[in-house]
file input30.txt (compact mmCIF, C-alpha atoms (C1' of nucleotides))
# COMPACT_ATOMS: atom_id res chain seq x y z
CA MET A 1 10.67 53.64 -21.12
CA MET A 2 11.59 54.13 -24.77
CA ILE A 3 14.66 56.16 -23.87
CA LEU A 4 15.87 53.46 -21.49
CA ARG A 5 15.17 50.74 -24.03
CA SER A 6 17.08 52.64 -26.72
CA LEU A 7 20.08 53.29 -24.49
CA LYS A 8 20.17 49.63 -23.52
CA ILE A 9 21.11 48.83 -27.11
CA LYS A 10 23.97 51.29 -26.97
CA PRO A 11 24.81 54.68 -25.42
CA MET A 12 23.59 57.61 -27.52
CA HIS A 13 23.45 61.37 -27.45
CA GLY A 14 20.17 63.27 -27.42
CA TYR A 15 19.89 64.06 -31.08
CA ALA A 16 20.68 60.44 -31.96
CA LEU A 17 17.89 59.30 -29.63
CA VAL A 18 15.39 61.43 -31.52
CA GLN A 19 16.50 59.88 -34.82
CA HIS A 20 16.57 56.38 -33.40
CA ILE A 21 13.06 56.51 -31.95
CA GLN A 22 11.69 58.05 -35.11
CA GLN A 23 13.33 55.40 -37.28
CA THR A 24 12.59 52.32 -35.20
CA SER A 25 8.98 53.43 -34.81
CA ALA A 26 8.61 53.64 -38.59
CA ASP A 27 7.96 57.38 -38.27
CA LEU A 28 4.97 56.78 -36.03
CA LEU A 29 6.58 58.59 -33.10
CA ASN A 30 8.29 61.95 -33.00
CA VAL A 31 10.09 62.99 -29.82
CA GLU A 32 10.41 66.77 -29.55
CA GLU A 33 13.72 68.03 -28.25
CA GLY A 34 11.79 70.23 -25.82
CA SER A 35 10.40 67.04 -24.29
CA LEU A 36 13.52 64.93 -24.60
CA TYR A 37 16.13 67.10 -22.91
CA PRO A 38 14.07 67.82 -19.78
CA ALA A 39 13.27 64.10 -19.61
CA LEU A 40 16.98 63.25 -19.81
CA GLN A 41 17.66 65.70 -16.96
CA ARG A 42 14.98 64.05 -14.82
CA MET A 43 16.35 60.62 -15.58
CA LEU A 44 19.91 61.64 -14.74
CA LYS A 45 18.64 63.00 -11.44
CA ALA A 46 16.76 59.75 -10.80
CA GLY A 47 19.99 57.82 -11.36
CA TRP A 48 18.71 55.87 -14.35
CA LEU A 49 21.27 57.42 -16.69
CA ASP A 50 24.89 58.52 -16.81
CA ALA A 51 26.18 61.21 -19.15
CA GLN A 52 29.60 61.89 -20.59
CA TRP A 53 30.66 64.81 -22.73
CA GLN A 54 32.56 63.46 -25.69
CA THR A 55 33.85 64.46 -29.09
CA SER A 56 31.96 62.78 -31.89
CA SER A 57 33.47 61.27 -35.01
CA THR A 58 32.42 64.45 -36.80
CA ASN A 59 34.50 66.47 -34.32
CA ARG A 60 31.53 67.88 -32.48
CA ARG A 61 30.97 68.08 -28.72
CA VAL A 62 28.20 65.63 -27.84
CA ARG A 63 26.72 64.49 -24.55
CA THR A 64 26.44 60.73 -24.56
CA TYR A 65 23.90 59.10 -22.24
CA SER A 66 24.17 55.51 -20.95
CA ILE A 67 21.75 53.43 -18.94
CA THR A 68 22.79 52.53 -15.38
CA ALA A 69 22.04 49.35 -13.40
CA ALA A 70 19.24 51.26 -11.64
CA GLY A 71 17.98 52.31 -15.06
CA LYS A 72 17.83 48.69 -16.23
CA LYS A 73 15.91 47.71 -13.13
CA HIS A 74 13.54 50.61 -13.63
CA LEU A 75 13.02 49.66 -17.26
CA VAL A 76 11.87 46.19 -16.26
CA GLU A 77 9.44 47.56 -13.68
CA GLU A 78 8.16 50.29 -15.97
CA THR A 79 7.65 47.89 -18.84
CA SER A 80 5.66 45.48 -16.72
CA ARG A 81 3.50 48.33 -15.38
CA PHE A 82 2.98 49.51 -18.94
CA GLU A 83 1.97 46.08 -20.15
CA ALA A 84 -0.51 45.65 -17.32
CA MET A 85 -2.06 49.03 -18.06
CA LEU A 86 -2.16 48.27 -21.76
CA LYS A 87 -3.90 44.98 -21.13
CA GLY A 88 -6.47 46.82 -19.02
CA ILE A 89 -7.05 49.39 -21.74
CA GLN A 90 -7.44 46.71 -24.36
CA LEU A 91 -9.93 44.82 -22.22
CA VAL A 92 -12.03 47.95 -21.88
CA LEU A 93 -11.79 48.80 -25.57
CA ALA A 94 -12.49 45.25 -26.74
CA ASN A 95 -15.52 44.89 -24.53
CA MET B 1 -11.28 56.90 -25.15
CA MET B 2 -12.32 54.39 -22.49
CA ILE B 3 -15.14 56.63 -21.31
CA LEU B 4 -16.48 56.97 -24.84
CA ARG B 5 -16.16 53.24 -25.46
CA SER B 6 -18.00 52.45 -22.22
CA LEU B 7 -20.82 54.89 -22.93
CA LYS B 8 -21.20 53.44 -26.42
CA ILE B 9 -22.38 50.20 -24.81
CA LYS B 10 -24.99 52.07 -22.81
CA PRO B 11 -25.44 55.43 -21.04
CA MET B 12 -24.06 55.42 -17.52
CA HIS B 13 -23.55 57.78 -14.60
CA GLY B 14 -20.09 58.63 -13.27
CA TYR B 15 -19.92 56.20 -10.41
CA ALA B 16 -21.08 53.38 -12.68
CA LEU B 17 -18.32 54.27 -15.15
CA VAL B 18 -15.71 53.84 -12.43
CA GLN B 19 -17.11 50.39 -11.58
CA HIS B 20 -17.46 49.40 -15.21
CA ILE B 21 -13.89 50.28 -16.16
CA GLN B 22 -12.51 48.60 -13.07
CA GLN B 23 -14.47 45.44 -13.75
CA THR B 24 -13.95 45.13 -17.49
CA SER B 25 -10.23 45.78 -17.03
CA ALA B 26 -10.04 42.88 -14.55
CA ASP B 27 -9.01 45.34 -11.84
CA LEU B 28 -5.99 46.49 -13.83
CA LEU B 29 -7.29 50.05 -14.11
CA ASN B 30 -8.65 52.34 -11.44
CA VAL B 31 -10.21 55.64 -12.48
CA GLU B 32 -10.13 58.20 -9.66
CA GLU B 33 -13.27 60.30 -9.31
CA GLY B 34 -11.07 63.37 -9.15
CA SER B 35 -9.90 62.54 -12.66
CA LEU B 36 -13.20 61.25 -14.00
CA TYR B 37 -15.54 64.13 -13.21
CA PRO B 38 -13.30 66.86 -14.62
CA ALA B 39 -12.84 64.67 -17.70
CA LEU B 40 -16.62 64.33 -18.08
CA GLN B 41 -16.96 68.13 -17.88
CA ARG B 42 -14.32 68.59 -20.58
CA MET B 43 -16.04 66.02 -22.77
CA LEU B 44 -19.45 67.62 -22.32
CA LYS B 45 -17.92 70.94 -23.32
CA ALA B 46 -16.30 69.31 -26.35
CA GLY B 47 -19.72 67.98 -27.39
CA TRP B 48 -18.76 64.33 -27.17
CA LEU B 49 -21.27 63.65 -24.40
CA ASP B 50 -24.80 64.53 -23.28
CA ALA B 51 -25.92 64.46 -19.67
CA GLN B 52 -29.33 64.07 -18.06
CA TRP B 53 -30.20 64.25 -14.39
CA GLN B 54 -32.34 61.26 -13.54
CA THR B 55 -33.68 59.31 -10.62
CA SER B 56 -32.12 55.88 -10.30
CA SER B 57 -33.91 52.65 -9.51
CA THR B 58 -32.67 53.08 -5.94
CA ASN B 59 -34.40 56.48 -5.81
CA ARG B 60 -31.21 58.47 -5.95
CA ARG B 61 -30.42 61.51 -8.13
CA VAL B 62 -27.88 60.47 -10.75
CA ARG B 63 -26.39 62.24 -13.74
CA THR B 64 -26.46 59.93 -16.71
CA TYR B 65 -24.00 60.52 -19.56
CA SER B 66 -24.53 59.39 -23.15
CA ILE B 67 -22.23 59.51 -26.14
CA THR B 68 -23.19 61.88 -28.99
CA ALA B 69 -22.63 61.46 -32.72
CA ALA B 70 -19.60 63.74 -32.43
CA GLY B 71 -18.40 61.56 -29.57
CA LYS B 72 -18.62 58.44 -31.70
CA LYS B 73 -16.67 60.13 -34.46
CA HIS B 74 -14.06 61.26 -31.98
CA LEU B 75 -13.80 57.77 -30.53
CA VAL B 76 -12.94 56.35 -33.94
CA GLU B 77 -10.26 58.99 -34.54
CA GLU B 78 -8.85 58.73 -31.06
CA THR B 79 -8.69 54.95 -31.23
CA SER B 80 -6.84 54.98 -34.51
CA ARG B 81 -4.36 57.58 -33.17
CA PHE B 82 -3.92 55.42 -30.09
CA GLU B 83 -3.29 52.30 -32.12
CA ALA B 84 -0.71 54.04 -34.30
CA MET B 85 1.10 55.37 -31.24
CA LEU B 86 0.96 51.96 -29.60
CA LYS B 87 2.40 50.30 -32.66
CA GLY B 88 5.23 52.85 -32.60
CA ILE B 89 5.93 52.20 -28.94
CA GLN B 90 5.95 48.46 -29.48
CA LEU B 91 8.34 48.78 -32.39
CA VAL B 92 10.75 50.76 -30.22
CA LEU B 93 10.42 48.37 -27.29
CA ALA B 94 10.73 45.22 -29.39
CA ASN B 95 13.81 46.46 -31.19
C1' DA C 1 27.70 83.00 -48.88
C1' DA C 2 23.70 81.12 -47.42
C1' DA C 3 21.00 77.43 -46.19
C1' DT C 4 20.44 73.06 -43.99
C1' DA C 5 21.60 69.61 -40.70
C1' DT C 6 23.54 68.50 -36.42
C1' DG C 7 23.82 69.19 -31.57
C1' DC C 8 23.02 71.31 -26.95
C1' DA C 9 19.59 73.40 -23.92
C1' DT C 10 15.90 76.47 -21.36
C1' DA C 11 11.56 79.41 -20.68
C1' DG C 12 6.84 79.78 -20.73
C1' DA C 13 2.27 78.29 -21.72
C1' DG C 14 -1.05 74.91 -21.64
C1' DT C 15 -3.10 70.58 -20.13
C1' DA C 16 -4.09 66.86 -17.36
C1' DA C 17 -3.66 63.65 -13.53
C1' DA C 18 -3.35 62.73 -8.68
C1' DT C 19 -4.33 64.07 -4.10
C1' DA C 20 -7.28 65.66 -0.95
C1' DG C 21 -10.92 67.33 0.28
C1' DG C 22 -16.39 68.50 0.67
C1' DT C 23 -21.58 67.26 0.39
C1' DA C 24 -25.53 64.09 0.64
C1' DT C 25 -28.50 59.73 0.64
C1' DC C 26 -29.42 54.95 1.74
C1' DA C 27 -28.85 50.28 3.76
C1' DA C 28 -27.05 47.33 7.00
C1' DA C 29 -24.69 46.24 11.05
C1' DA C 30 -23.23 47.17 15.79
C1' DT D 1 -29.96 53.90 17.29
C1' DT D 2 -26.04 55.37 15.77
C1' DT D 3 -22.42 54.67 12.96
C1' DT D 4 -20.27 52.53 9.20
C1' DG D 5 -19.95 51.46 4.33
C1' DA D 6 -21.57 51.94 -0.11
C1' DT D 7 -23.45 54.95 -3.50
C1' DA D 8 -23.36 59.35 -5.81
C1' DC D 9 -22.02 64.08 -6.95
C1' DC D 10 -18.27 67.61 -7.37
C1' DT D 11 -14.12 71.12 -6.82
C1' DA D 12 -9.49 73.10 -5.38
C1' DT D 13 -4.71 72.56 -5.19
C1' DT D 14 -0.59 70.61 -6.21
C1' DT D 15 2.41 68.27 -9.19
C1' DA D 16 4.03 66.86 -13.45
C1' DC D 17 4.61 66.67 -18.08
C1' DT D 18 4.32 68.06 -23.03
C1' DC D 19 4.46 71.38 -26.54
C1' DT D 20 5.85 75.61 -28.61
C1' DA D 21 9.08 78.78 -29.06
C1' DT D 22 13.50 80.33 -28.66
C1' DG D 23 18.51 80.66 -28.25
C1' DC D 24 23.33 79.24 -29.20
C1' DA D 25 27.06 76.96 -31.87
C1' DT D 26 29.39 74.12 -35.45
C1' DA D 27 29.63 71.35 -39.74
C1' DT D 28 28.21 70.37 -44.32
C1' DT D 29 26.03 71.12 -48.55
C1' DT D 30 24.27 74.12 -52.22
call {"tool": "encode", "arguments": {"input": "input30.txt", "output": "structure tokens"}}
result
Amino acid sequence: MMILRSLKIKPMHGYALVQHIQQTSADLLNVEEGSLYPALQRMLKAGWLDAQWQTSSTNRRVRTYSITAAGKKHLVEETSRFEAMLKGIQLVLAN
Amino acid sequence: MMILRSLKIKPMHGYALVQHIQQTSADLLNVEEGSLYPALQRMLKAGWLDAQWQTSSTNRRVRTYSITAAGKKHLVEETSRFEAMLKGIQLVLAN
DNA sequence: AAATATGCATAGAGTAAATAGGTATCAAAA
DNA sequence: TTTTGATACCTATTTACTCTATGCATATTT
């Protein structure tokens, strides 16, 4: 969900995603590369992402991921599922 | 976290926990027994819970779980970790 | 020249959830 | 009266994911 949301802002490569999530979360979240890359593979396979090998501004080979239409649809669904679950959790915890 | 929070209200047996979480979450959450009972075993082993076999008002053998002091401590820690993570997620999603 | 940061990725271990069973008692309905 | 539904316990297997550890390569800074 966070990967899709991040890529909706703009396409990014893996390492940039790690930085982006860490920064926007005010250092509260840390995505390990060992979790991220397998997740990106799964999401490519699911059709939620596209990937293009490119050459970065620093002259380095990078793999840039973009969100697809199916990915945007999935993000909406996933977010609403997440919010429902969260509401449930908060009801139980607040009780 | 939800199990500990529920048992902090009052000791309950497994089946009652399922009902309680379903009801307080306004049917948003459903805890499968196949997830609950193994979780209760793990939590007993961790020392967060106590269990006593009892006879219910309906004359049935039930295993009643209570939260321990260590369980209460863990609940506080776990809740604060959860809230930090949630804040991080929301920052990323709101971005 | 060496260390640090950037960038890709996989292998293996560990953990947990979901699925799918299995047992037994009790009350109510068919 | 039998059988269905609710109550109550639990485990085994599969599936899935995360974390740790590791490997490679290039660019930049010290």
call {"tool": "interface_residues", "arguments": {"input": "input30.txt", "of": "chain A", "to": "chain D", "cutoff": "9 Å", "atoms": "all atoms listed in the file", "output": "ChimeraX atom specification"}}
result
/A:32,34-35,58-60
call {"tool": "atom_distance", "arguments": {"input": "input30.txt", "atom1": "atom CA of Ala39 of chain B", "atom2": "atom CA of Glu77 of chain B"}}
result
18.0 Å
call {"tool": "closest_atom_pairs", "arguments": {"input": "input30.txt", "of": "chain C", "to": "chain A", "cutoff": "12 Å", "atoms": "all atoms listed in the file", "output": "Markdown table"}}
result
| residue | atom | partner | partner_atom | distance |
| --- | --- | --- | --- | --- |
| C:DA5 | C1' | A:Tyr15 | CA | 11.2 |
| C:DT6 | C1' | A:Tyr15 | CA | 7.8 |
| C:DG7 | C1' | A:Tyr15 | CA | 6.5 |
| C:DC8 | C1' | A:Val62 | CA | 7.7 |
| C:DA9 | C1' | A:Tyr37 | CA | 7.3 |
| C:DT10 | C1' | A:Gly34 | CA | 8.7 |
| C:DA11 | C1' | A:Gly34 | CA | 10.5 |
| C:DG12 | C1' | A:Gly34 | CA | 11.9 |
call {"tool": "closest_atom_pairs", "arguments": {"input": "input30.txt", "of": "chain A", "to": "chain B", "cutoff": "7 Å", "atoms": "only C-alpha atoms", "output": "Markdown table"}}
result
| residue | atom | partner | partner_atom | distance |
| --- | --- | --- | --- | --- |
| A:Met2 | CA | B:Leu93 | CA | 6.4 |
| A:Arg5 | CA | B:Leu93 | CA | 6.2 |
| A:Ile21 | CA | B:Val92 | CA | 6.4 |
| A:Thr24 | CA | B:Val92 | CA | 5.5 |
| A:Ser25 | CA | B:Gly88 | CA | 4.4 |
| A:Ala26 | CA | B:Gly88 | CA | 6.9 |
| A:Leu28 | CA | B:Gly88 | CA | 5.2 |
| A:Leu29 | CA | B:Gly88 | CA | 5.9 |
| A:Ala84 | CA | B:Leu28 | CA | 6.6 |
| A:Met85 | CA | B:Leu28 | CA | 6.3 |
| A:Gly88 | CA | B:Ser25 | CA | 4.4 |
| A:Ile89 | CA | B:Ser25 | CA | 6.7 |
| A:Leu91 | CA | B:Ser25 | CA | 5.3 |
| A:Val92 | CA | B:Thr24 | CA | 5.6 |
| A:Leu93 | CA | B:Arg5 | CA | 6.2 |
call {"tool": "atom_distance", "arguments": {"input": "input30.txt", "atom1": "atom CA of Val18 of chain B", "atom2": "atom CA of Val31 of chain B"}}
result
5.8 Å
call {"tool": "calpha_fit_and_write", "arguments": {"input": "input30.txt", "fixed": "chain B", "moving": "chain A", "output": "JSON list (two decimals) with C-alpha atoms, in the coordinates of the input"}}
result
[["chain", "number", "residue", "atom", "x", "y", "z"],
["A", 1, "MET", "CA", -11.28, 56.90, -25.15],
["A", 2, "MET", "CA", -12.31, 54.40, -22.49],
["A", 3, "ILE", "CA", -15.14, 56.62, -21.29],
["A", 4, "LEU", "CA", -16.48, 56.98, -24.82],
["A", 5, "ARG", "CA", -16.15, 53.26, -25.45],
["A", 6, "SER", "CA", -18.00, 52.46, -22.22],
["A", 7, "LEU", "CA", -20.82, 54.89, -22.93],
["A", 8, "LYS", "CA", -21.21, 53.45, -26.41],
["A", 9, "ILE", "CA", -22.38, 50.21, -24.80],
["A", 10, "LYS", "CA", -24.99, 52.08, -22.81],
["A", 11, "PRO", "CA", -25.44, 55.43, -21.04],
["A", 12, "MET", "CA", -24.05, 55.44, -17.50],
["A", 13, "HIS", "CA", -23.55, 57.76, -14.58],
["A", 14, "GLY", "CA", -20.11, 58.63, -13.25],
["A", 15, "TYR", "CA", -19.92, 56.20, -10.40],
["A", 16, "ALA", "CA", -21.09, 53.38, -12.68],
["A", 17, "LEU", "CA", -18.31, 54.27, -15.14],
["A", 18, "VAL", "CA", -15.71, 53.84, -12.42],
["A", 19, "GLN", "CA", -17.11, 50.40, -11.57],
["A", 20, "HIS", "CA", -17.44, 49.40, -15.20],
["A", 21, "ILE", "CA", -13.87, 50.30, -16.15],
["A", 22, "GLN", "CA", -12.51, 48.61, -13.06],
["A", 23, "GLN", "CA", -14.48, 45.44, -13.75],
["A", 24, "THR", "CA", -13.94, 45.15, -17.49],
["A", 25, "SER", "CA", -10.23, 45.80, -17.02],
["A", 26, "ALA", "CA", -10.01, 42.91, -14.56],
["A", 27, "ASP", "CA", -9.00, 45.37, -11.83],
["A", 28, "LEU", "CA", -5.98, 46.50, -13.82],
["A", 29, "LEU", "CA", -7.28, 50.06, -14.10],
["A", 30, "ASN", "CA", -8.67, 52.33, -11.43],
["A", 31, "VAL", "CA", -10.22, 55.64, -12.47],
["A", 32, "GLU", "CA", -10.18, 58.18, -9.64],
["A", 33, "GLU", "CA", -13.29, 60.27, -9.28],
["A", 34, "GLY", "CA", -11.06, 63.35, -9.12],
["A", 35, "SER", "CA", -9.91, 62.49, -12.64],
["A", 36, "LEU", "CA", -13.22, 61.26, -13.97],
["A", 37, "TYR", "CA", -15.54, 64.15, -13.17],
["A", 38, "PRO", "CA", -13.28, 66.87, -14.61],
["A", 39, "ALA", "CA", -12.83, 64.67, -17.69],
["A", 40, "LEU", "CA", -16.60, 64.34, -18.07],
["A", 41, "GLN", "CA", -16.92, 68.14, -17.84],
["A", 42, "ARG", "CA", -14.32, 68.58, -20.58],
["A", 43, "MET", "CA", -16.03, 66.03, -22.76],
["A", 44, "LEU", "CA", -19.44, 67.64, -22.30],
["A", 45, "LYS", "CA", -17.90, 70.95, -23.31],
["A", 46, "ALA", "CA", -16.31, 69.31, -26.35],
["A", 47, "GLY", "CA", -19.73, 68.00, -27.38],
["A", 48, "TRP", "CA", -18.77, 64.34, -27.16],
["A", 49, "LEU", "CA", -21.27, 63.66, -24.38],
["A", 50, "ASP", "CA", -24.78, 64.57, -23.27],
["A", 51, "ALA", "CA", -25.91, 64.47, -19.66],
["A", 52, "GLN", "CA", -29.32, 64.06, -18.08],
["A", 53, "TRP", "CA", -30.20, 64.24, -14.41],
["A", 54, "GLN", "CA", -32.34, 61.26, -13.58],
["A", 55, "THR", "CA", -33.68, 59.30, -10.65],
["A", 56, "SER", "CA", -32.09, 55.89, -10.36],
["A", 57, "SER", "CA", -33.87, 52.65, -9.57],
["A", 58, "THR", "CA", -32.61, 53.07, -6.01],
["A", 59, "ASN", "CA", -34.38, 56.44, -5.84],
["A", 60, "ARG", "CA", -31.21, 58.48, -5.99],
["A", 61, "ARG", "CA", -30.47, 61.52, -8.15],
["A", 62, "VAL", "CA", -27.90, 60.47, -10.76],
["A", 63, "ARG", "CA", -26.39, 62.24, -13.74],
["A", 64, "THR", "CA", -26.46, 59.93, -16.71],
["A", 65, "TYR", "CA", -23.98, 60.54, -19.54],
["A", 66, "SER", "CA", -24.53, 59.41, -23.15],
["A", 67, "ILE", "CA", -22.22, 59.51, -26.13],
["A", 68, "THR", "CA", -23.18, 61.87, -28.97],
["A", 69, "ALA", "CA", -22.64, 61.44, -32.73],
["A", 70, "ALA", "CA", -19.60, 63.73, -32.43],
["A", 71, "GLY", "CA", -18.40, 61.55, -29.57],
["A", 72, "LYS", "CA", -18.64, 58.42, -31.72],
["A", 73, "LYS", "CA", -16.69, 60.10, -34.48],
["A", 74, "HIS", "CA", -14.08, 61.24, -31.99],
["A", 75, "LEU", "CA", -13.81, 57.75, -30.54],
["A", 76, "VAL", "CA", -12.95, 56.33, -33.95],
["A", 77, "GLU", "CA", -10.29, 58.98, -34.56],
["A", 78, "GLU", "CA", -8.86, 58.70, -31.06],
["A", 79, "THR", "CA", -8.71, 54.93, -31.23],
["A", 80, "SER", "CA", -6.86, 54.96, -34.52],
["A", 81, "ARG", "CA", -4.38, 57.55, -33.19],
["A", 82, "PHE", "CA", -3.92, 55.41, -30.10],
["A", 83, "GLU", "CA", -3.28, 52.28, -32.12],
["A", 84, "ALA", "CA", -0.73, 54.03, -34.30],
["A", 85, "MET", "CA", 1.09, 55.35, -31.25],
["A", 86, "LEU", "CA", 0.95, 51.96, -29.59],
["A", 87, "LYS", "CA", 2.41, 50.30, -32.66],
["A", 88, "GLY", "CA", 5.23, 52.84, -32.62],
["A", 89, "ILE", "CA", 5.92, 52.20, -28.95],
["A", 90, "GLN", "CA", 5.95, 48.47, -29.48],
["A", 91, "LEU", "CA", 8.34, 48.78, -32.40],
["A", 92, "VAL", "CA", 10.74, 50.76, -30.23],
["A", 93, "LEU", "CA", 10.41, 48.38, -27.29],
["A", 94, "ALA", "CA", 10.73, 45.24, -29.41],
["A", 95, "ASN", "CA", 13.81, 46.49, -31.19]]
call {"tool": "atom_distance", "arguments": {"input": "input30.txt", "atom1": "atom CA of Ile67 of chain B", "atom2": "atom CA of Ala46 of chain B"}}
result
11.5 Å
call {"tool": "axis_aligned_box", "arguments": {"input": "input30.txt", "around": "segment 1-5 of chain D", "padding_each_side": "5 Å", "output": "AutoDock Vina command-line options"}}
result
--center_x -25.0 --center_y 53.4 --center_z 10.8 --size_x 20.0 --size_y 13.9 --size_z 23.0
call {"tool": "residues_around", "arguments": {"input": "input30.txt", "residues": "Trp48 of chain A", "least_positions_apart": "5", "cutoff": "6 Å", "atoms": "all atoms listed in the file", "output": "PyMOL selection string"}}
result
chain A and resi 43+68+70-71
